Each structure stands twice: as C-alpha cells, then as structure tokens.
Protein chains: 2
Amino acid sequence: MSSQQPDSTTELEEQLVLLMRGLGTRSVLYQQNVGSSLGLHNNDFMSVDILREKGSLTAGEMAKITGLTTGSITALIDRLEKVGYVRRENDPHDRRKVIIVPEYENKEEVSDTYQPLYESMIKLASSYTKEELTLITQFLSKASAVIEEQTRHLSDSRSKTSS
Amino acid sequence: MSSQQPDSTTELEEQLVLLMRGLGTRSVLYQQNVGSSLGLHNNDFMSVDILREKGSLTAGEMAKITGLTTGSITALIDRLEKVGYVRRENDPHDRRKVIIVPEYENKEEVSDTYQPLYESMIKLASSYTKEELTLITQFLSKASAVIEEQTRHLSDSRSKTSS
C-alpha cells in the first residue's frame, strides 16, 4: 500500500482512514499476543491495560470502558488478582467502593515484552525532523481523541438501549 | 498532552511513542465496544476482524496471528458461524484444509456501527494539506509494519518455546 502514490487529496484521505483501521487491527493483535506471551487467559491483558492510562477504576467503570459485561470483568479481575497483576482495594475517597489497582507495570516480564516494540518505535521516530514529529504527534493526539469519543458514543448507546 | 510543547527532539520522539501506545489502547477498547454493540460474545469480533484484511484463513493460522489457543479459536468460530458472521469452507487450493470465510463485511449492522468513526476520521483527514497527508500516511504505514513485525516476533517466540 505504501508504494502506491495516490494523486488526489480525496484518495489520500481515504488511504489515511484505511491505514488507521489497519493500525487498529494490528494494535489489537499485538496486544493479544502480549497477553499470550505472558501466559494470560485469552484477552485478559488487553482489557486490563486500560488501567495503565486511567489509573484505578471500579469494576463497573472497567465494564463500561471495555465493553465487557460486569460478569466477564469480575472473572477477569479474579484471574489477574491470582497472578498478581492487579489487586482490589477500598477506594480511599469512597469506602463503599472497591477499585482495581494495576500491579503489572513493575513486573519485569511485562516491561521485557514491550521493550522491543518501544525500541523499534523510537527508531522510527528518530528518522523524522522536529517539524515532522510535531505534525505527526498532533495528528496522533487528535486521532486518539476521535477514537475515544466514538468508543464513548458506542458505550453510551448501549446503556440507553439496556435501561 | 497535546497542550504540552516539548522543546527537544528526544522529548517529541518519546511523546510519539506514548501516543502510539495510547492509540493502540483506544483501538482495542473501540473494537471491544463494537463487538458488544453487535451483541457478540466478549472479544469475538476483535479476533475475527483480521479476516477483513487477510482474507480467509485456517483456524490454525488464525490462532497463530491472534495469539489465541486453537481451542479458543474453534469455540469462537462456532459462535460466529451460528450468527452468520463467518462460514467454514474447504480450501479450493487444498481440499484437506478448512478455511474460515468472513461474511460480516456485508452485514448492515456492522457497516452502520463503523460509519460514525469513518466519518470522523475523514473529517480529521480533510483538515490537512496534501503534503501533510502524504507525510502522515507514510508514517502510519511504517508504524503498522513495525507493529506487525513485533506481533510476528512474539508469536514466533511462543512457537519456539512450546515446541
């Protein structure tokens, strides 16, 4: 695909959207393989890795963000607590709530698994000028916001339908 | 994060890698929510959507690419065949093989679910010039290749360990 040279802006826009979708698929597959390499059950790691960004969440919040049922999330937390990847804790701001605290970031096998991707990405980034990096990071930031908004939209539509 | 203005190239490189990781997480969550909105079991849709890009695959090939066990893949295909999202077929090039053929691309509920993201991405893309789009698409293409290579690397390491 990269060897094609689209000659119109419209084609370039379509190509960008296709590439974003392809990047999404590859991210999903990469994360699934990280989970497998860590010896975790199916897609467990993929669903829990949101804690790295969002910090501690309740099981209900995790269900809403991930799109999994609360039953699936409870089973997932049980499995990950057993191997020490997360722990349950009373929310210091609201003792009636139980929050899920990530514990996997300090695990050597997790950082070791991500290290080769990190290095390859830094290598790719270093092939760009400061101006190019600024443009690309701004695009990535906006694209992330778009995907996050669309995820919220899907999650909210389901809540409305089910209530 | 987008409001920060990193002043060195190294910081920009680090920021790009962080943004790529964040984009990956968001893609995973988006796909999980697509699956939930379609009423599918857990992460089924996420694992099968690779067929859109790769075309038909055997269950063994799907297991290798997705990082799921062959048992999980078989159960997933059973569930998705029941709702008409895939069908099993004898490989025309090798009758001893059974391939999984995607059937969901023509389903209206699938295209309807993706449509809002598609429109938002086209809108984002249209805010860039032709030169900027060329730079961004080339970056996305290279980043996809990096992630694909790293996924293969994880999958191959597991095959070696288990054999």
# chains A, B, ... in the order shown; residues from 1 in each chain; ligands from 1
$ interface_residues --of "chain A" --to "chain B" --cutoff "6 Å" --atoms "only C-alpha atoms" --output "number ranges by chain"
A: 9, 13, 16, 23-24, 27-30, 32-33, 36, 66-67, 125, 130, 137, 144, 151
$ select_by_dssp --residues "region 98-130 of chain B" --states "strand (DSSP E or B)" --output "list in words"
Val98, Ile99, Ile100, Val101 and Pro102 of chain B
$ select_by_dssp --residues "region 32-69 of chain A" --states "alpha helix (DSSP H)" --output "JSON, numbers by chain"
{"A": [32, 33, 34, 35, 36, 37, 44, 45, 46, 47, 48, 50, 51, 52, 53, 54, 59, 60, 61, 62, 63, 64, 65, 66]}
$ atom_distance --atom1 "CA of Thr70 (chain B)" --atom2 "CA of Leu80 (chain A)"
22.0 Å
$ atom_distance --atom1 "CA of Tyr104 (chain A)" --atom2 "CA of Tyr85 (chain A)"
4.6 Å
$ decode --residues "region 129-153 of chain B" --atoms "N, CA, C and O atoms" --output "PDB file, in the first residue's frame"
ATOM      1  N   THR B 129      -3.267  19.368   4.620  1.00  0.00           N
ATOM      2  CA  THR B 129      -2.910  19.595   3.212  1.00  0.00           C
ATOM      3  C   THR B 129      -2.441  18.271   2.609  1.00  0.00           C
ATOM      4  O   THR B 129      -2.162  17.297   3.317  1.00  0.00           O
ATOM      5  N   LYS B 130      -2.293  18.283   1.283  1.00  0.00           N
ATOM      6  CA  LYS B 130      -1.857  17.080   0.571  1.00  0.00           C
ATOM      7  C   LYS B 130      -0.464  16.643   1.051  1.00  0.00           C
ATOM      8  O   LYS B 130      -0.210  15.461   1.243  1.00  0.00           O
ATOM      9  N   GLU B 131       0.421  17.607   1.260  1.00  0.00           N
ATOM     10  CA  GLU B 131       1.791  17.302   1.694  1.00  0.00           C
ATOM     11  C   GLU B 131       1.776  16.693   3.105  1.00  0.00           C
ATOM     12  O   GLU B 131       2.487  15.735   3.393  1.00  0.00           O
ATOM     13  N   GLU B 132       0.962  17.287   3.970  1.00  0.00           N
ATOM     14  CA  GLU B 132       0.864  16.765   5.338  1.00  0.00           C
ATOM     15  C   GLU B 132       0.281  15.353   5.337  1.00  0.00           C
ATOM     16  O   GLU B 132       0.767  14.464   6.049  1.00  0.00           O
ATOM     17  N   LEU B 133      -0.771  15.138   4.523  1.00  0.00           N
ATOM     18  CA  LEU B 133      -1.385  13.813   4.436  1.00  0.00           C
ATOM     19  C   LEU B 133      -0.386  12.769   3.943  1.00  0.00           C
ATOM     20  O   LEU B 133      -0.374  11.628   4.423  1.00  0.00           O
ATOM     21  N   THR B 134       0.458  13.173   3.010  1.00  0.00           N
ATOM     22  CA  THR B 134       1.465  12.245   2.493  1.00  0.00           C
ATOM     23  C   THR B 134       2.423  11.831   3.603  1.00  0.00           C
ATOM     24  O   THR B 134       2.707  10.641   3.787  1.00  0.00           O
ATOM     25  N   LEU B 135       2.883  12.821   4.374  1.00  0.00           N
ATOM     26  CA  LEU B 135       3.793  12.514   5.486  1.00  0.00           C
ATOM     27  C   LEU B 135       3.117  11.597   6.514  1.00  0.00           C
ATOM     28  O   LEU B 135       3.692  10.591   6.950  1.00  0.00           O
ATOM     29  N   ILE B 136       1.873  11.930   6.888  1.00  0.00           N
ATOM     30  CA  ILE B 136       1.167  11.157   7.922  1.00  0.00           C
ATOM     31  C   ILE B 136       0.885   9.728   7.451  1.00  0.00           C
ATOM     32  O   ILE B 136       1.108   8.769   8.188  1.00  0.00           O
ATOM     33  N   THR B 137       0.411   9.580   6.196  1.00  0.00           N
ATOM     34  CA  THR B 137       0.108   8.217   5.721  1.00  0.00           C
ATOM     35  C   THR B 137       1.384   7.384   5.638  1.00  0.00           C
ATOM     36  O   THR B 137       1.371   6.192   5.954  1.00  0.00           O
ATOM     37  N   GLN B 138       2.488   8.008   5.231  1.00  0.00           N
ATOM     38  CA  GLN B 138       3.736   7.246   5.178  1.00  0.00           C
ATOM     39  C   GLN B 138       4.177   6.813   6.582  1.00  0.00           C
ATOM     40  O   GLN B 138       4.623   5.679   6.778  1.00  0.00           O
ATOM     41  N   PHE B 139       3.999   7.714   7.555  1.00  0.00           N
ATOM     42  CA  PHE B 139       4.330   7.336   8.928  1.00  0.00           C
ATOM     43  C   PHE B 139       3.445   6.176   9.397  1.00  0.00           C
ATOM     44  O   PHE B 139       3.923   5.205   9.973  1.00  0.00           O
ATOM     45  N   LEU B 140       2.122   6.276   9.164  1.00  0.00           N
ATOM     46  CA  LEU B 140       1.194   5.242   9.627  1.00  0.00           C
ATOM     47  C   LEU B 140       1.520   3.886   8.996  1.00  0.00           C
ATOM     48  O   LEU B 140       1.429   2.840   9.647  1.00  0.00           O
ATOM     49  N   SER B 141       1.902   3.935   7.727  1.00  0.00           N
ATOM     50  CA  SER B 141       2.249   2.706   7.032  1.00  0.00           C
ATOM     51  C   SER B 141       3.494   2.067   7.659  1.00  0.00           C
ATOM     52  O   SER B 141       3.531   0.849   7.894  1.00  0.00           O
ATOM     53  N   LYS B 142       4.488   2.885   7.970  1.00  0.00           N
ATOM     54  CA  LYS B 142       5.713   2.358   8.598  1.00  0.00           C
ATOM     55  C   LYS B 142       5.440   1.857  10.020  1.00  0.00           C
ATOM     56  O   LYS B 142       5.957   0.820  10.439  1.00  0.00           O
ATOM     57  N   ALA B 143       4.620   2.600  10.767  1.00  0.00           N
ATOM     58  CA  ALA B 143       4.301   2.194  12.139  1.00  0.00           C
ATOM     59  C   ALA B 143       3.541   0.866  12.133  1.00  0.00           C
ATOM     60  O   ALA B 143       3.784  -0.008  12.968  1.00  0.00           O
ATOM     61  N   SER B 144       2.626   0.694  11.160  1.00  0.00           N
ATOM     62  CA  SER B 144       1.880  -0.567  11.038  1.00  0.00           C
ATOM     63  C   SER B 144       2.839  -1.725  10.793  1.00  0.00           C
ATOM     64  O   SER B 144       2.683  -2.805  11.377  1.00  0.00           O
ATOM     65  N   ALA B 145       3.817  -1.484   9.913  1.00  0.00           N
ATOM     66  CA  ALA B 145       4.787  -2.540   9.599  1.00  0.00           C
ATOM     67  C   ALA B 145       5.588  -2.917  10.848  1.00  0.00           C
ATOM     68  O   ALA B 145       5.859  -4.098  11.087  1.00  0.00           O
ATOM     69  N   VAL B 146       5.944  -1.915  11.660  1.00  0.00           N
ATOM     70  CA  VAL B 146       6.689  -2.177  12.904  1.00  0.00           C
ATOM     71  C   VAL B 146       5.859  -3.046  13.843  1.00  0.00           C
ATOM     72  O   VAL B 146       6.339  -4.054  14.370  1.00  0.00           O
ATOM     73  N   ILE B 147       4.584  -2.680  14.032  1.00  0.00           N
ATOM     74  CA  ILE B 147       3.731  -3.440  14.958  1.00  0.00           C
ATOM     75  C   ILE B 147       3.509  -4.860  14.444  1.00  0.00           C
ATOM     76  O   ILE B 147       3.535  -5.826  15.205  1.00  0.00           O
ATOM     77  N   GLU B 148       3.311  -4.984  13.124  1.00  0.00           N
ATOM     78  CA  GLU B 148       3.104  -6.311  12.539  1.00  0.00           C
ATOM     79  C   GLU B 148       4.334  -7.197  12.750  1.00  0.00           C
ATOM     80  O   GLU B 148       4.218  -8.369  13.104  1.00  0.00           O
ATOM     81  N   GLU B 149       5.498  -6.610  12.565  1.00  0.00           N
ATOM     82  CA  GLU B 149       6.743  -7.366  12.749  1.00  0.00           C
ATOM     83  C   GLU B 149       6.890  -7.800  14.209  1.00  0.00           C
ATOM     84  O   GLU B 149       7.296  -8.928  14.495  1.00  0.00           O
ATOM     85  N   GLN B 150       6.573  -6.909  15.133  1.00  0.00           N
ATOM     86  CA  GLN B 150       6.698  -7.225  16.560  1.00  0.00           C
ATOM     87  C   GLN B 150       5.694  -8.299  16.981  1.00  0.00           C
ATOM     88  O   GLN B 150       5.975  -9.112  17.850  1.00  0.00           O
ATOM     89  N   THR B 151       4.497  -8.286  16.356  1.00  0.00           N
ATOM     90  CA  THR B 151       3.496  -9.306  16.655  1.00  0.00           C
ATOM     91  C   THR B 151       4.001 -10.668  16.192  1.00  0.00           C
ATOM     92  O   THR B 151       3.903 -11.662  16.917  1.00  0.00           O
ATOM     93  N   ARG B 152       4.556 -10.704  14.975  1.00  0.00           N
ATOM     94  CA  ARG B 152       5.109 -11.943  14.439  1.00  0.00           C
ATOM     95  C   ARG B 152       6.231 -12.451  15.340  1.00  0.00           C
ATOM     96  O   ARG B 152       6.327 -13.639  15.639  1.00  0.00           O
ATOM     97  N   HIS B 153       7.038 -11.542  15.811  1.00  0.00           N
ATOM     98  CA  HIS B 153       8.155 -11.873  16.680  1.00  0.00           C
ATOM     99  C   HIS B 153       7.652 -12.544  17.971  1.00  0.00           C
ATOM    100  O   HIS B 153       8.170 -13.587  18.392  1.00  0.00           O
TER     101      HIS B 153
END
